[in-house]
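The file my_file.cif contains mmCIF, C-alpha atoms and all ligand atoms:
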```cif
data_coords
#
loop_
_atom_site.group_PDB
_atom_site.id
_atom_site.type_symbol
_atom_site.label_atom_id
_atom_site.label_comp_id
_atom_site.auth_asym_id
_atom_site.auth_seq_id
_atom_site.Cartn_x
_atom_site.Cartn_y
_atom_site.Cartn_z
ATOM 1 C CA MET A 628 18.044 4.176 -35.730
ATOM 2 C CA ARG A 629 17.385 7.835 -36.326
ATOM 3 C CA VAL A 630 19.661 9.855 -38.582
ATOM 4 C CA LEU A 631 19.966 13.623 -38.917
ATOM 5 C CA LEU A 632 21.047 14.673 -42.405
ATOM 6 C CA ILE A 633 22.380 18.226 -42.784
ATOM 7 C CA GLU A 634 22.826 18.788 -46.510
ATOM 8 C CA ASP A 635 21.871 21.675 -48.796
ATOM 9 C CA ASP A 636 22.224 19.829 -52.114
ATOM 10 C CA ALA A 637 18.705 18.733 -53.067
ATOM 11 C CA MET A 638 19.740 15.791 -55.216
ATOM 12 C CA ILE A 639 22.244 14.333 -52.793
ATOM 13 C CA GLY A 640 19.934 14.969 -49.857
ATOM 14 C CA GLU A 641 16.988 13.294 -51.514
ATOM 15 C CA SER A 642 18.949 10.235 -52.601
ATOM 16 C CA VAL A 643 20.518 9.786 -49.157
ATOM 17 C CA ARG A 644 17.149 10.251 -47.471
ATOM 18 C CA LEU A 645 15.443 7.716 -49.738
ATOM 19 C CA GLY A 646 18.298 5.230 -49.487
ATOM 20 C CA LEU A 647 18.394 5.353 -45.704
ATOM 21 C CA ARG A 648 14.644 5.095 -45.388
ATOM 22 C CA GLN A 649 14.768 1.961 -47.484
ATOM 23 C CA GLU A 650 17.090 0.586 -44.825
ATOM 24 C CA ASN A 651 14.409 1.459 -42.241
ATOM 25 C CA PHE A 652 16.328 4.329 -40.724
ATOM 26 C CA ALA A 653 14.202 7.250 -39.566
ATOM 27 C CA VAL A 654 15.693 10.282 -41.349
ATOM 28 C CA ASP A 655 15.358 13.987 -40.575
ATOM 29 C CA TRP A 656 16.740 16.282 -43.251
ATOM 30 C CA VAL A 657 17.641 19.947 -42.771
ATOM 31 C CA ARG A 658 19.258 22.099 -45.435
ATOM 32 C CA ASP A 659 21.260 24.800 -43.702
ATOM 33 C CA GLY A 660 23.783 25.033 -40.910
ATOM 34 C CA GLU A 661 21.683 27.112 -38.572
ATOM 35 C CA ALA A 662 18.763 24.677 -38.583
ATOM 36 C CA GLY A 663 21.278 21.832 -38.592
ATOM 37 C CA LEU A 664 22.895 22.883 -35.344
ATOM 38 C CA ALA A 665 19.530 23.378 -33.665
ATOM 39 C CA ALA A 666 18.386 19.923 -34.795
ATOM 40 C CA ALA A 667 21.686 18.245 -33.920
ATOM 41 C CA ARG A 668 21.426 19.548 -30.373
ATOM 42 C CA MET A 669 18.227 17.581 -29.855
ATOM 43 C CA PRO A 670 18.977 14.242 -28.242
ATOM 44 C CA GLU A 671 16.960 11.889 -30.431
ATOM 45 C CA HIS A 672 19.434 11.333 -33.249
ATOM 46 C CA ASP A 673 21.832 8.393 -33.217
ATOM 47 C CA ILE A 674 24.088 9.859 -35.881
ATOM 48 C CA VAL A 675 24.562 13.129 -37.762
ATOM 49 C CA LEU A 676 25.531 13.233 -41.451
ATOM 50 C CA LEU A 677 27.050 16.650 -42.013
ATOM 51 C CA ASP A 678 27.870 18.455 -45.237
ATOM 52 C CA LEU A 679 30.662 21.021 -44.836
ATOM 53 C CA GLY A 680 29.622 23.631 -47.404
ATOM 54 C CA LEU A 681 26.286 24.833 -46.014
ATOM 55 C CA PRO A 682 24.339 28.098 -46.151
ATOM 56 C CA ARG A 683 23.941 30.235 -43.001
ATOM 57 C CA ARG A 684 26.558 28.342 -40.989
ATOM 58 C CA SER A 685 29.394 26.141 -42.193
ATOM 59 C CA GLY A 686 29.545 22.460 -41.362
ATOM 60 C CA LEU A 687 32.705 23.002 -39.331
ATOM 61 C CA ASP A 688 30.848 25.677 -37.367
ATOM 62 C CA VAL A 689 27.967 23.298 -36.739
ATOM 63 C CA LEU A 690 30.431 20.682 -35.532
ATOM 64 C CA ALA A 691 32.193 23.125 -33.229
ATOM 65 C CA GLY A 692 28.853 24.236 -31.783
ATOM 66 C CA LEU A 693 27.760 20.661 -31.275
ATOM 67 C CA ARG A 694 30.925 19.454 -29.583
ATOM 68 C CA GLY A 695 31.258 22.715 -27.663
ATOM 69 C CA GLY A 696 27.828 21.989 -26.216
ATOM 70 C CA GLY A 697 28.984 18.584 -25.009
ATOM 71 C CA SER A 698 27.150 16.432 -27.571
ATOM 72 C CA ARG A 699 28.757 13.049 -28.195
ATOM 73 C CA THR A 700 26.493 12.001 -31.076
ATOM 74 C CA PRO A 701 28.636 10.429 -33.810
ATOM 75 C CA VAL A 702 29.164 12.793 -36.750
ATOM 76 C CA LEU A 703 30.039 11.647 -40.252
ATOM 77 C CA ILE A 704 31.136 14.400 -42.608
ATOM 78 C CA LEU A 705 29.895 14.322 -46.193
ATOM 79 C CA THR A 706 31.925 16.619 -48.332
ATOM 80 C CA ALA A 707 32.565 17.383 -51.950
ATOM 81 C CA ARG A 708 35.819 19.019 -51.042
ATOM 82 C CA ASP A 709 38.445 16.379 -51.305
ATOM 83 C CA ALA A 710 41.165 18.617 -49.918
ATOM 84 C CA VAL A 711 42.972 16.807 -47.156
ATOM 85 C CA SER A 712 42.957 19.928 -44.971
ATOM 86 C CA ASP A 713 39.116 19.956 -44.831
ATOM 87 C CA ARG A 714 38.960 16.362 -43.712
ATOM 88 C CA VAL A 715 41.668 16.910 -41.134
ATOM 89 C CA ALA A 716 39.906 20.039 -39.855
ATOM 90 C CA GLY A 717 36.651 18.084 -39.594
ATOM 91 C CA LEU A 718 38.199 15.198 -37.715
ATOM 92 C CA ASN A 719 40.067 17.574 -35.417
ATOM 93 C CA ALA A 720 36.831 19.440 -34.721
ATOM 94 C CA GLY A 721 35.246 16.241 -33.423
ATOM 95 C CA ALA A 722 33.905 14.387 -36.466
ATOM 96 C CA ASP A 723 34.104 10.598 -36.219
ATOM 97 C CA ASP A 724 34.411 9.725 -39.891
ATOM 98 C CA TYR A 725 34.026 11.238 -43.346
ATOM 99 C CA LEU A 726 32.986 10.349 -46.878
ATOM 100 C CA VAL A 727 34.027 12.271 -49.970
ATOM 101 C CA LYS A 728 31.297 12.908 -52.535
ATOM 102 C CA PRO A 729 30.299 11.251 -54.713
ATOM 103 C CA PHE A 730 29.997 8.264 -52.424
ATOM 104 C CA ASP A 731 28.325 4.909 -52.655
ATOM 105 C CA LEU A 732 25.151 4.578 -50.605
ATOM 106 C CA GLN A 733 26.108 1.089 -49.439
ATOM 107 C CA GLU A 734 29.394 2.449 -48.120
ATOM 108 C CA LEU A 735 27.557 5.211 -46.280
ATOM 109 C CA ILE A 736 25.242 2.648 -44.681
ATOM 110 C CA ALA A 737 28.167 0.419 -43.684
ATOM 111 C CA ARG A 738 29.925 3.391 -42.094
ATOM 112 C CA ILE A 739 26.765 4.362 -40.203
ATOM 113 C CA HIS A 740 26.591 0.847 -38.759
ATOM 114 C CA ALA A 741 30.279 0.986 -37.860
ATOM 115 C CA LEU A 742 29.818 4.315 -36.045
ATOM 116 C CA ALA A 743 26.771 2.975 -34.206
ATOM 117 C CA ARG A 744 28.823 -0.033 -33.103
ATOM 118 C CA ARG A 745 31.581 2.193 -31.814
ATOM 119 C CA ALA A 746 29.101 4.446 -30.008
ATOM 120 C CA GLN A 747 27.685 1.378 -28.280
ATOM 121 C CA GLY A 748 31.155 0.088 -27.413
ATOM 122 C CA ARG A 749 30.834 -2.987 -29.640
ATOM 123 C CA ALA A 750 33.540 -4.316 -31.913
ATOM 124 C CA GLU A 751 31.419 -7.210 -33.097
ATOM 125 C CA PRO A 752 28.996 -6.533 -35.947
ATOM 126 C CA LEU A 753 26.232 -8.661 -34.406
ATOM 127 C CA VAL A 754 24.230 -7.581 -31.383
ATOM 128 C CA ARG A 755 23.733 -10.497 -28.989
ATOM 129 C CA TYR A 756 21.379 -10.481 -26.061
ATOM 130 C CA GLY A 757 20.816 -13.836 -24.427
ATOM 131 C CA ALA A 758 19.384 -16.147 -27.079
ATOM 132 C CA VAL A 759 18.536 -13.201 -29.323
ATOM 133 C CA CYS A 760 20.931 -12.176 -32.072
ATOM 134 C CA LEU A 761 20.455 -9.165 -34.312
ATOM 135 C CA ASN A 762 22.397 -8.220 -37.425
ATOM 136 C CA PRO A 763 22.161 -4.449 -38.012
ATOM 137 C CA ALA A 764 23.554 -4.710 -41.541
ATOM 138 C CA THR A 765 20.870 -7.129 -42.762
ATOM 139 C CA ARG A 766 18.240 -6.554 -40.041
ATOM 140 C CA ASP A 767 18.038 -10.334 -39.576
ATOM 141 C CA VAL A 768 17.028 -11.478 -36.124
ATOM 142 C CA THR A 769 17.392 -14.956 -34.690
ATOM 143 C CA LEU A 770 16.239 -16.619 -31.484
ATOM 144 C CA ASP A 771 18.343 -19.610 -30.490
ATOM 145 C CA GLY A 772 19.722 -19.545 -34.036
ATOM 146 C CA GLN A 773 16.269 -19.699 -35.635
ATOM 147 C CA PRO A 774 15.208 -16.791 -37.849
ATOM 148 C CA VAL A 775 12.428 -14.614 -36.463
ATOM 149 C CA ARG A 776 10.420 -12.310 -38.695
ATOM 150 C CA LEU A 777 9.953 -8.804 -37.281
ATOM 151 C CA SER A 778 8.179 -5.821 -38.783
ATOM 152 C CA ALA A 779 10.333 -2.781 -39.571
ATOM 153 C CA ARG A 780 9.048 -0.941 -36.495
ATOM 154 C CA GLU A 781 9.469 -3.945 -34.236
ATOM 155 C CA TYR A 782 13.051 -4.235 -35.445
ATOM 156 C CA ALA A 783 13.733 -0.523 -34.870
ATOM 157 C CA LEU A 784 12.285 -0.726 -31.366
ATOM 158 C CA LEU A 785 14.337 -3.810 -30.491
ATOM 159 C CA ALA A 786 17.520 -2.258 -31.899
ATOM 160 C CA ALA A 787 16.967 0.875 -29.805
ATOM 161 C CA LEU A 788 16.382 -1.097 -26.594
ATOM 162 C CA LEU A 789 19.365 -3.367 -27.197
ATOM 163 C CA SER A 790 21.640 -0.427 -27.995
ATOM 164 C CA ARG A 791 21.721 0.224 -24.245
ATOM 165 C CA PRO A 792 20.670 -2.730 -22.114
ATOM 166 C CA GLY A 793 19.740 -1.580 -18.633
ATOM 167 C CA GLN A 794 18.567 1.825 -19.771
ATOM 168 C CA VAL A 795 14.906 2.535 -19.168
ATOM 169 C CA TRP A 796 13.292 4.277 -22.144
ATOM 170 C CA SER A 797 10.102 6.299 -21.948
ATOM 171 C CA VAL A 798 7.478 5.660 -24.598
ATOM 172 C CA ALA A 799 8.209 9.133 -26.020
ATOM 173 C CA GLN A 800 11.931 8.362 -26.289
ATOM 174 C CA LEU A 801 11.223 5.097 -28.087
ATOM 175 C CA GLN A 802 8.782 6.813 -30.422
ATOM 176 C CA GLU A 803 11.522 9.303 -31.306
ATOM 177 C CA LYS A 804 13.697 6.379 -32.438
ATOM 178 C CA LEU A 805 10.942 5.005 -34.670
ATOM 179 C CA TYR A 806 9.764 8.065 -36.536
ATOM 180 C CA GLY A 807 11.353 11.023 -38.329
ATOM 181 C CA TRP A 808 9.642 14.425 -38.429
ATOM 182 C CA ASP A 809 8.043 13.680 -41.774
ATOM 183 C CA ASP A 810 6.893 10.162 -40.930
ATOM 184 C CA GLU A 811 3.289 9.630 -40.190
ATOM 185 C CA VAL A 812 3.030 8.102 -36.760
ATOM 186 C CA GLY A 813 0.903 5.035 -37.334
ATOM 187 C CA SER A 814 -1.998 3.943 -35.205
ATOM 188 C CA ASN A 815 0.199 1.222 -33.719
ATOM 189 C CA THR A 816 1.790 2.421 -30.549
ATOM 190 C CA VAL A 817 5.044 1.482 -28.884
ATOM 191 C CA GLU A 818 3.018 -0.770 -26.574
ATOM 192 C CA VAL A 819 1.763 -2.762 -29.557
ATOM 193 C CA TYR A 820 5.297 -3.295 -30.884
ATOM 194 C CA VAL A 821 6.504 -4.342 -27.431
ATOM 195 C CA HIS A 822 3.671 -6.855 -27.289
ATOM 196 C CA GLY A 823 4.695 -8.222 -30.699
ATOM 197 C CA LEU A 824 8.358 -8.504 -29.698
ATOM 198 C CA ARG A 825 7.513 -10.344 -26.483
ATOM 199 C CA LYS A 826 5.331 -12.748 -28.380
ATOM 200 C CA LYS A 827 8.031 -13.510 -30.929
ATOM 201 C CA LEU A 828 11.133 -13.399 -28.724
ATOM 202 C CA GLY A 829 9.960 -14.295 -25.228
ATOM 203 C CA SER A 830 8.022 -12.456 -22.561
ATOM 204 C CA GLY A 831 11.119 -11.791 -20.440
ATOM 205 C CA LEU A 832 12.929 -9.844 -23.152
ATOM 206 C CA ILE A 833 11.436 -6.437 -22.437
ATOM 207 C CA ARG A 834 10.424 -5.308 -18.975
ATOM 208 C CA ASN A 835 7.770 -2.730 -18.344
ATOM 209 C CA ILE A 836 8.764 -0.338 -15.565
ATOM 210 C CA ARG A 837 5.366 0.894 -14.533
ATOM 211 C CA GLY A 838 4.880 4.602 -15.110
ATOM 212 C CA VAL A 839 8.385 4.996 -16.519
ATOM 213 C CA GLY A 840 8.826 2.929 -19.657
ATOM 214 C CA TYR A 841 10.599 -0.117 -21.019
ATOM 215 C CA VAL A 842 13.975 -1.754 -20.570
ATOM 216 C CA CYS A 843 15.949 -4.778 -21.730
ATOM 217 C CA PRO A 844 17.673 -5.601 -18.443
ATOM 218 C CA ARG A 845 21.432 -5.955 -18.435
ATOM 219 C CA LEU A 846 22.343 -9.629 -18.588
ATOM 220 C CA ASP A 847 25.620 -9.426 -16.681
ATOM 221 C CA GLY A 848 23.714 -8.730 -13.481
ATOM 222 C CA ALA A 849 25.408 -5.374 -13.043
ATOM 223 C CA GLY A 850 22.186 -3.548 -13.769
ATOM 224 C CA GLY A 851 20.613 -4.956 -10.614
ATOM 225 C CA ALA A 852 17.637 -6.245 -12.551
ATOM 226 C CA GLY A 853 16.848 -8.698 -9.749
ATOM 227 C CA ASP A 854 15.050 -11.818 -10.867
ATOM 228 C CA THR A 855 15.743 -12.975 -14.372
ATOM 229 C CA GLY A 856 12.110 -13.552 -15.192
ATOM 230 C CA ASP A 857 12.358 -15.572 -18.307
ATOM 231 C CA GLU A 858 15.112 -18.154 -18.278
ATOM 232 C CA GLU A 859 16.337 -19.132 -21.705
ATOM 233 C CA GLY A 860 17.068 -22.771 -20.818
ATOM 234 C CA ARG A 861 19.536 -23.274 -23.641
ATOM 235 C CA ALA A 862 21.569 -26.456 -23.887
HETATM 236 CA CA CA B 1 26.846 21.778 -49.724
#
```
Output the file's structure as C-alpha cells, nothing else.
Ligand code: CA
Amino acid sequence: MRVLLIEDDAMIGESVRLGLRQENFAVDWVRDGEAGLAAARMPEHDIVLLDLGLPRRSGLDVLAGLRGGGSRTPVLILTARDAVSDRVAGLNAGADDYLVKPFDLQELIARIHALARRAQGRAEPLVRYGAVCLNPATRDVTLDGQPVRLSAREYALLAALLSRPGQVWSVAQLQEKLYGWDDEVGSNTVEVYVHGLRKKLGSGLIRNIRGVGYVCPRLDGAGGAGDTGDEEGRA
C-alpha cells in the first residue's frame, strides 16, 4: 500500500513516515499544499493523509482541488485543530475520516486499513482469495489455513493484486505500489516477486497477460478469466 502524507510539521511528519514504513507501507511525504495537491492527483497512492494547516495552500483547498478533479482516493485528515467546524468542513469537502493530533500511530494504521477496506468494498478485515487468506493488519498470509512466509515486497505485491481481482496491472503500476519516491528500487524486479509468490502460493494465483502485465483473476467467473488453471482441490 502506498500512502501520500501531506504534512508541514517536521516532527509529526517524520514519526508518521517512520511508523508507516515499519508497517511496510510505501510513504511519500510532501510538506506544503501546492506540492500536496500535485502529488495527490497522481494515481499511485492508495490513501492520502492530509494536514489542514499547510503553507502555500490549505488542506481544505487541497481536498477541494482533489475532489473537484474527480479523484476518489480515500483522504484522512490529520489536524491539530480540534474545532468541530474544521472536521465538519473537511468531511463535507470529501474527506473520508479524520484524526485529531496528537494521535496514536496504531490508531492511524487501523484507520488506514479500515479506509482501504471500504475503498475495496470489503466489510471483512481479512482478504480471502480462494485458499489464500491475507490479514492486512498483521500482514499474515495463509494457504489452506497454513501460514506462509512472504517477504515485505512479496506481501505488498500480493496485497495490491488482491485489492482488485480481475484488474490487469502493468509492471510499472505494480512497482509504484511497492516503492515510495525515496525508496531505493532494489535489483529484484516485479517478475522476481511474482515468481516467489507463485512458488509459495500456487502457480495459478497470478496470471501473466503477455505484453500487458499481471492479474489475479476474479474467482466468481464474472471476470471471464476462462479456464481456472490451478484448481485448489480443497476438501
Ligand atoms: Ca500544519
- Item | Protein and nucleic residues near ligand CA 1 (chain B), 10 Å, all atoms listed in the file, as a list in words |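 Counting all atoms listed in the file, the residues within 10 Å of ligand CA 1 (chain B) come out as Ile633, Glu634, Asp635, Asp636, Ala637, Ile639, Gly640, Arg658, Asp659, Gly660, Leu677, Asp678, Leu679, Gly680, Leu681, Pro682, Ser685, Gly686, Leu705, Thr706, Ala707 and Arg708 of chain A.
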- Which one of A:Leu785, A:Ala665, A:Leu846, A:Val702 sits closest to Leu690 in chain A if you count only C-alpha atoms? A:Val702
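Separating CA of Arg714 in chain A from CA of Lys728 in chain A is a distance of 12.2 Å.
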- For Leu770 in chain A: contacts at 7 Å, all atoms listed in the file, fewer than 5 positions along chain excluded, given as a ChimeraX atom specification: /A:758-760,775,828
- Message: Between A:Met669, A:Ala716, A:Leu664, A:Gly646, which residue has the minimum interatomic distance to Arg684 in chain A, considering all atoms listed in the file?
- Response: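 Result for the nearest residue to Arg684 in chain A: A:Leu664.
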Return as a PDB file with C-alpha atoms, in the frame of the given file the set of residues that the PyMOL selection byres (((chain A and resi 725) around 6) and not hetatm) yields on the displayed structure.
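Here's the written file selection-v6.pdb:
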```
ATOM      1  CA  LEU A 703      30.039  11.647 -40.252  1.00  0.00           C
ATOM      2  CA  ILE A 704      31.136  14.400 -42.608  1.00  0.00           C
ATOM      3  CA  LEU A 705      29.895  14.322 -46.193  1.00  0.00           C
ATOM      4  CA  ASP A 724      34.411   9.725 -39.891  1.00  0.00           C
ATOM      5  CA  LEU A 726      32.986  10.349 -46.878  1.00  0.00           C
TER       6      LEU A 726
END
```
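Excluding range 738-753 of chain A itself and same-chain residues fewer than 5 positions from it, the residues having an atom within 7 Å of it are Pro701, Cys760, Leu761, Asn762, Pro763, Ala764 and Ser790 of chain A, counting only C-alpha atoms.
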Mind dumping the selected residues with C-alpha atoms as a tab-separated table (two decimals), keeping the file's coordinate frame?
```
chain	number	residue	atom	x	y	z
A	701	PRO	CA	28.64	10.43	-33.81
A	760	CYS	CA	20.93	-12.18	-32.07
A	761	LEU	CA	20.45	-9.16	-34.31
A	762	ASN	CA	22.40	-8.22	-37.42
A	763	PRO	CA	22.16	-4.45	-38.01
A	764	ALA	CA	23.55	-4.71	-41.54
A	790	SER	CA	21.64	-0.43	-28.00
```
- Item | Gap from CA of Leu632 in chain A to CA of Gly697 in chain A - Å, one decimal | 19.5 Å
- Exactly which residues make up the result of the PyMOL selection byres (((chain A and resi 841) around 9) and not hetatm) on this file, given as a ChimeraX atom specification? /A:788,794-798,801,821,833-837,839-840,842-843
- Find the residue from A:Asp673, A:Asp713, A:Asp767, A:Asp723 that sits nearest to Arg694 in chain A; use only C-alpha atoms when measuring. A:Asp723
- Task: For a cut-off of 9 Å around (13.9, -2.2, -30.3), file coordinates, pick out all residues using all atoms listed in the file and list them as a PyMOL selection string.
- Result: chain A and resi 780-790+801+804-805+820-821+824
- Please evaluate the PyMOL selection byres (((chain A and resi 807-811) around 6) and not hetatm) against the structure above and give the resulting residues as a list in words.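 Applied to this file, the PyMOL selection byres (((chain A and resi 807-811) around 6) and not hetatm) returns Ala653, Val654, Asp655, Tyr806, Val812 and Gly813 of chain A.
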- Counting only C-alpha atoms, the residue of A:Ala667, A:Val630, A:Ala799, A:Val819 that sits nearest Leu693 in chain A: A:Ala667
- Item | CA of Pro792 in chain A to CA of Pro844 in chain A, straight-line distance in Å |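 Computed distance, CA of Pro844 in chain A to CA of Pro792 in chain A, equals 5.5 Å.
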Box for range 795-808 of chain A: with edges along x, y and z, all listed atoms inside and 6 Å added on each side, what are the centre and edge lengths in Å to one decimal, as lines of an AutoDock Vina configuration file?
```
center_x = 11.2
center_y = 8.5
center_z = -28.8
size_x = 19.4
size_y = 23.9
size_z = 31.3
```
- Rank nothing, just name the residue among A:Glu803, A:Glu818, A:Arg629, A:Gly823 nearest to Leu777 in chain A, using only C-alpha atoms.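 Answer, going by the shortest atom-to-atom distance: A:Gly823.
Among the candidates A:Val817, A:Ala691, A:Leu832, A:Met628, the one nearest to Gly793 in chain A when counting all atoms listed in the file is A:Leu832.
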Mind filling out range 630-660 of chain A with N, CA and C atoms and sending it as a PDB file, keeping the file's coordinate frame?
```pdb
ATOM      1  N   VAL A 630      18.528   9.153 -37.978  1.00  0.00           N
ATOM      2  CA  VAL A 630      19.661   9.855 -38.582  1.00  0.00           C
ATOM      3  C   VAL A 630      19.273  11.296 -38.869  1.00  0.00           C
ATOM      4  N   LEU A 631      20.155  12.228 -38.527  1.00  0.00           N
ATOM      5  CA  LEU A 631      19.966  13.623 -38.917  1.00  0.00           C
ATOM      6  C   LEU A 631      20.882  13.921 -40.096  1.00  0.00           C
ATOM      7  N   LEU A 632      20.296  14.345 -41.196  1.00  0.00           N
ATOM      8  CA  LEU A 632      21.047  14.673 -42.405  1.00  0.00           C
ATOM      9  C   LEU A 632      21.050  16.186 -42.570  1.00  0.00           C
ATOM     10  N   ILE A 633      22.252  16.779 -42.577  1.00  0.00           N
ATOM     11  CA  ILE A 633      22.380  18.226 -42.784  1.00  0.00           C
ATOM     12  C   ILE A 633      23.090  18.415 -44.117  1.00  0.00           C
ATOM     13  N   GLU A 634      22.321  18.776 -45.129  1.00  0.00           N
ATOM     14  CA  GLU A 634      22.826  18.788 -46.510  1.00  0.00           C
ATOM     15  C   GLU A 634      21.994  19.757 -47.330  1.00  0.00           C
ATOM     16  N   ASP A 635      22.643  20.696 -48.029  1.00  0.00           N
ATOM     17  CA  ASP A 635      21.871  21.675 -48.796  1.00  0.00           C
ATOM     18  C   ASP A 635      21.660  21.261 -50.247  1.00  0.00           C
ATOM     19  N   ASP A 636      22.394  20.276 -50.731  1.00  0.00           N
ATOM     20  CA  ASP A 636      22.224  19.829 -52.114  1.00  0.00           C
ATOM     21  C   ASP A 636      20.981  18.946 -52.217  1.00  0.00           C
ATOM     22  N   ALA A 637      20.002  19.417 -53.022  1.00  0.00           N
ATOM     23  CA  ALA A 637      18.705  18.733 -53.067  1.00  0.00           C
ATOM     24  C   ALA A 637      18.834  17.308 -53.591  1.00  0.00           C
ATOM     25  N   MET A 638      19.654  17.135 -54.618  1.00  0.00           N
ATOM     26  CA  MET A 638      19.740  15.791 -55.216  1.00  0.00           C
ATOM     27  C   MET A 638      20.434  14.795 -54.289  1.00  0.00           C
ATOM     28  N   ILE A 639      21.535  15.220 -53.714  1.00  0.00           N
ATOM     29  CA  ILE A 639      22.244  14.333 -52.793  1.00  0.00           C
ATOM     30  C   ILE A 639      21.375  14.052 -51.571  1.00  0.00           C
ATOM     31  N   GLY A 640      20.776  15.126 -51.051  1.00  0.00           N
ATOM     32  CA  GLY A 640      19.934  14.969 -49.857  1.00  0.00           C
ATOM     33  C   GLY A 640      18.804  13.995 -50.089  1.00  0.00           C
ATOM     34  N   GLU A 641      18.141  14.151 -51.225  1.00  0.00           N
ATOM     35  CA  GLU A 641      16.988  13.294 -51.514  1.00  0.00           C
ATOM     36  C   GLU A 641      17.427  11.843 -51.682  1.00  0.00           C
ATOM     37  N   SER A 642      18.545  11.627 -52.375  1.00  0.00           N
ATOM     38  CA  SER A 642      18.949  10.235 -52.601  1.00  0.00           C
ATOM     39  C   SER A 642      19.419   9.582 -51.299  1.00  0.00           C
ATOM     40  N   VAL A 643      20.101  10.354 -50.455  1.00  0.00           N
ATOM     41  CA  VAL A 643      20.518   9.786 -49.157  1.00  0.00           C
ATOM     42  C   VAL A 643      19.282   9.485 -48.303  1.00  0.00           C
ATOM     43  N   ARG A 644      18.352  10.440 -48.282  1.00  0.00           N
ATOM     44  CA  ARG A 644      17.149  10.251 -47.471  1.00  0.00           C
ATOM     45  C   ARG A 644      16.383   8.994 -47.914  1.00  0.00           C
ATOM     46  N   LEU A 645      16.178   8.877 -49.232  1.00  0.00           N
ATOM     47  CA  LEU A 645      15.443   7.716 -49.738  1.00  0.00           C
ATOM     48  C   LEU A 645      16.184   6.418 -49.440  1.00  0.00           C
ATOM     49  N   GLY A 646      17.498   6.435 -49.695  1.00  0.00           N
ATOM     50  CA  GLY A 646      18.298   5.230 -49.487  1.00  0.00           C
ATOM     51  C   GLY A 646      18.275   4.773 -48.037  1.00  0.00           C
ATOM     52  N   LEU A 647      18.375   5.727 -47.122  1.00  0.00           N
ATOM     53  CA  LEU A 647      18.394   5.353 -45.704  1.00  0.00           C
ATOM     54  C   LEU A 647      17.018   4.901 -45.233  1.00  0.00           C
ATOM     55  N   ARG A 648      15.985   5.526 -45.785  1.00  0.00           N
ATOM     56  CA  ARG A 648      14.644   5.095 -45.388  1.00  0.00           C
ATOM     57  C   ARG A 648      14.357   3.684 -45.866  1.00  0.00           C
ATOM     58  N   GLN A 649      14.935   3.338 -47.012  1.00  0.00           N
ATOM     59  CA  GLN A 649      14.768   1.961 -47.484  1.00  0.00           C
ATOM     60  C   GLN A 649      15.414   0.968 -46.538  1.00  0.00           C
ATOM     61  N   GLU A 650      16.426   1.434 -45.813  1.00  0.00           N
ATOM     62  CA  GLU A 650      17.090   0.586 -44.825  1.00  0.00           C
ATOM     63  C   GLU A 650      16.379   0.664 -43.471  1.00  0.00           C
ATOM     64  N   ASN A 651      15.214   1.299 -43.459  1.00  0.00           N
ATOM     65  CA  ASN A 651      14.409   1.459 -42.241  1.00  0.00           C
ATOM     66  C   ASN A 651      15.001   2.390 -41.205  1.00  0.00           C
ATOM     67  N   PHE A 652      15.913   3.275 -41.634  1.00  0.00           N
ATOM     68  CA  PHE A 652      16.328   4.329 -40.724  1.00  0.00           C
ATOM     69  C   PHE A 652      15.237   5.396 -40.734  1.00  0.00           C
ATOM     70  N   ALA A 653      15.003   6.031 -39.578  1.00  0.00           N
ATOM     71  CA  ALA A 653      14.202   7.250 -39.566  1.00  0.00           C
ATOM     72  C   ALA A 653      15.160   8.383 -39.904  1.00  0.00           C
ATOM     73  N   VAL A 654      14.774   9.240 -40.870  1.00  0.00           N
ATOM     74  CA  VAL A 654      15.693  10.282 -41.349  1.00  0.00           C
ATOM     75  C   VAL A 654      15.051  11.657 -41.222  1.00  0.00           C
ATOM     76  N   ASP A 655      15.764  12.587 -40.597  1.00  0.00           N
ATOM     77  CA  ASP A 655      15.358  13.987 -40.575  1.00  0.00           C
ATOM     78  C   ASP A 655      16.366  14.760 -41.411  1.00  0.00           C
ATOM     79  N   TRP A 656      15.865  15.575 -42.315  1.00  0.00           N
ATOM     80  CA  TRP A 656      16.740  16.282 -43.251  1.00  0.00           C
ATOM     81  C   TRP A 656      16.569  17.786 -43.086  1.00  0.00           C
ATOM     82  N   VAL A 657      17.658  18.486 -42.789  1.00  0.00           N
ATOM     83  CA  VAL A 657      17.641  19.947 -42.771  1.00  0.00           C
ATOM     84  C   VAL A 657      18.694  20.446 -43.760  1.00  0.00           C
ATOM     85  N   ARG A 658      18.469  21.657 -44.282  1.00  0.00           N
ATOM     86  CA  ARG A 658      19.258  22.099 -45.435  1.00  0.00           C
ATOM     87  C   ARG A 658      20.162  23.291 -45.176  1.00  0.00           C
ATOM     88  N   ASP A 659      20.267  23.759 -43.968  1.00  0.00           N
ATOM     89  CA  ASP A 659      21.260  24.800 -43.702  1.00  0.00           C
ATOM     90  C   ASP A 659      21.884  24.589 -42.331  1.00  0.00           C
ATOM     91  N   GLY A 660      23.001  25.257 -42.115  1.00  0.00           N
ATOM     92  CA  GLY A 660      23.783  25.033 -40.910  1.00  0.00           C
ATOM     93  C   GLY A 660      23.105  25.499 -39.635  1.00  0.00           C
TER      94      GLY A 660
END
```
